[in-house]
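Right, one structure below, let's go through it.
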Amino acid sequence: MTSSSISRRSALGVLGAGSALAFAGCASRVQPLSADASTSYRADYSGEVTFNSYDTSAGEYVRATRTQRAKNVPKPIKPKNADENSVAGLYSSIAFYTAATQYMMESGDDSLIEQTALNDTDKSSVKSSSYQFSTIWFEDPKVTANLTTPKPKESGGEYTWPSRFTIGLGSFIATSGRDADVPSSSRSTTLDVDITGKYENGHWVIGGFAAAFRS
């Protein structure tokens, strides 16, 4: 295994790179984001995206070792406000997507990707690449998103939120019967992403990741 190539491939798979973005519907059906739509409204959403809703019923979490992947990984629960037409709803959709991709990397289970707001094309791209996470694991995978502006910008019913995604792997990568150290220079990949968001048919559709890899 080559850790540097795995690092890059992991980022590609997690963020759905290489796929085209597809947004359906028309702008006339999109309602303006409203501060009144959510009791969790904030004036400034910039900084690291936080997520605190997990199902821990599987049991005590056990960190990964070089001989076995992590066990009983806390499972993200989709926030109740993720589908509301508000800044808070878009934020929660981004947060859930971030948590779901980290869960996929750590547990090898990609089932939560289907629940995220990721657009259909990028969602298929992520799932087609997710097989790697069922056979390999990392010491301490982490997916973090930092929003670089207090709120998204709107144009024609589509919202853009500049962000920076960081995908960390930890100090080793392993698979059944094999493991390798990950050099410190290859332990994380950072990418600037203009997250796009569009509210249609009662939920958010987000993207922008593939475009970031093409730039």
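The way I read the labels, and the way they are meant: chains A, B, ... in the order of the structure tokens, residue 1 as the first residue of every chain, and ligand 1 as the first ligand shown, with later ones counted on from there.
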
Just the residues within 10 Å of range 70-86 of chain A, please, counting only C-alpha atoms, with nothing from its chain fewer than 6 positions along; format it as a short mmCIF file (atom, residue, chain, number, x, y, z; two decimals) with C-alpha atoms, in the first residue's frame.
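Contents of part37.cif, as written:
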data_model
loop_
_atom_site.label_atom_id
_atom_site.label_comp_id
_atom_site.auth_asym_id
_atom_site.auth_seq_id
_atom_site.Cartn_x
_atom_site.Cartn_y
_atom_site.Cartn_z
CA VAL A 30 -37.19 28.09 -3.78
CA GLN A 31 -38.22 30.22 -0.83
CA PRO A 32 -35.78 32.75 0.68
CA LEU A 33 -33.83 31.60 3.70
CA SER A 34 -35.53 32.96 6.79
CA ALA A 35 -34.30 33.60 10.30
CA ASP A 36 -37.76 32.70 11.53
CA ALA A 37 -37.65 29.18 10.07
CA SER A 38 -35.52 27.76 12.84
CA THR A 39 -35.18 28.29 16.56
CA SER A 40 -31.48 27.43 16.18
CA TYR A 41 -30.82 30.48 14.02
CA PHE A 51 -22.25 17.74 14.97
CA ASN A 52 -23.42 16.15 18.23
CA SER A 53 -26.24 13.73 17.39
CA TYR A 54 -25.15 10.07 17.56
CA ASP A 55 -26.60 6.63 18.22
CA THR A 56 -24.26 4.91 20.69
CA SER A 57 -26.48 1.89 21.40
CA ALA A 58 -24.03 -0.52 19.71
CA GLY A 59 -21.86 -0.44 22.81
CA GLU A 60 -18.59 1.00 23.99
CA TYR A 61 -16.47 2.48 21.22
CA VAL A 62 -13.17 0.66 20.60
CA ARG A 63 -10.45 2.44 18.63
CA ALA A 64 -8.87 0.84 15.59
CA SER A 92 -27.27 20.82 9.54
CA SER A 93 -27.28 19.16 6.11
CA ILE A 94 -23.58 19.95 5.70
CA ALA A 95 -22.85 18.78 9.23
CA PHE A 96 -24.66 15.47 8.72
CA TYR A 97 -22.88 14.84 5.44
CA THR A 98 -19.53 15.48 7.12
CA ALA A 99 -20.37 13.14 10.03
CA ALA A 100 -21.72 10.45 7.68
CA THR A 101 -18.56 10.41 5.58
CA GLN A 102 -16.37 10.10 8.66
CA TYR A 103 -18.58 7.25 9.86
CA MET A 104 -18.13 5.54 6.47
CA GLU A 106 -14.22 4.52 10.25
CA SER A 107 -16.86 1.79 10.18
CA GLY A 108 -16.73 0.72 6.53
CA ASP A 109 -20.51 1.22 6.34
CA LEU A 112 -25.78 6.75 5.80
CA GLN A 115 -29.62 9.83 3.88
CA THR A 116 -27.41 12.85 3.25
CA ALA A 117 -28.26 15.88 1.14
CA TRP A 137 -9.08 1.12 7.77
CA PHE A 138 -7.10 3.94 9.33
CA GLU A 139 -5.91 4.65 12.84
CA ASP A 140 -7.98 7.78 13.37
CA LYS A 198 -30.41 24.31 -3.40
CA TYR A 199 -33.71 23.77 -1.62
CA GLU A 200 -36.14 21.72 -3.66
CA ASN A 201 -38.99 19.31 -3.02
CA GLY A 202 -38.80 19.83 0.73
CA HIS A 203 -35.11 19.20 1.30
CA TRP A 204 -31.61 20.50 0.56
CA VAL A 205 -29.40 19.27 -2.27
#

- Message: Using DSSP secondary structure from the backbone, list all helix (DSSP H, G or I) positions within range 25-211 of chain A, as a ChimeraX atom specification.
- Response: /A:27-29,35-37,87-107,111-115,120-129,131-135,184-186,209-211

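Among the candidates A:Asp110, A:Asp194, A:Asp181, A:Asp122, the residue lying nearest to Pro152 in chain A is A:Asp194 (atoms considered: only C-alpha atoms).
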
- Contacts of Arg187 in chain A within 8 Å, only C-alpha atoms, excl. fewer than 2 positions in-chain, as JSON, numbers by chain: {"A": [7, 168, 169, 170, 171, 182, 183, 184, 185, 189]}

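Pairwise distance (CA of Gly208 in chain A, CA of Gln132 in chain A) equals 22.6 Å.
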
- Length of the CA of Ser129 in chain A to CA of Glu114 in chain A vector [Å]: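 Atom-to-atom, CA of Ser129 in chain A to CA of Glu114 in chain A, that is 13.8 Å.
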
- Taking only C-alpha atoms into account, which of A:Ile206, A:Leu118, A:Ala43, A:Ile136 comes nearest Ile173 in chain A?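 Smallest distance to Ile173 in chain A is found for A:Ile136.
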
- Message: I'd like the interatomic distance between CA of Tyr131 in chain A and CA of Ile167 in chain A, to a tenth of an Å.
- Response: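 Separation between CA of Tyr131 in chain A and CA of Ile167 in chain A: 17.6 Å.
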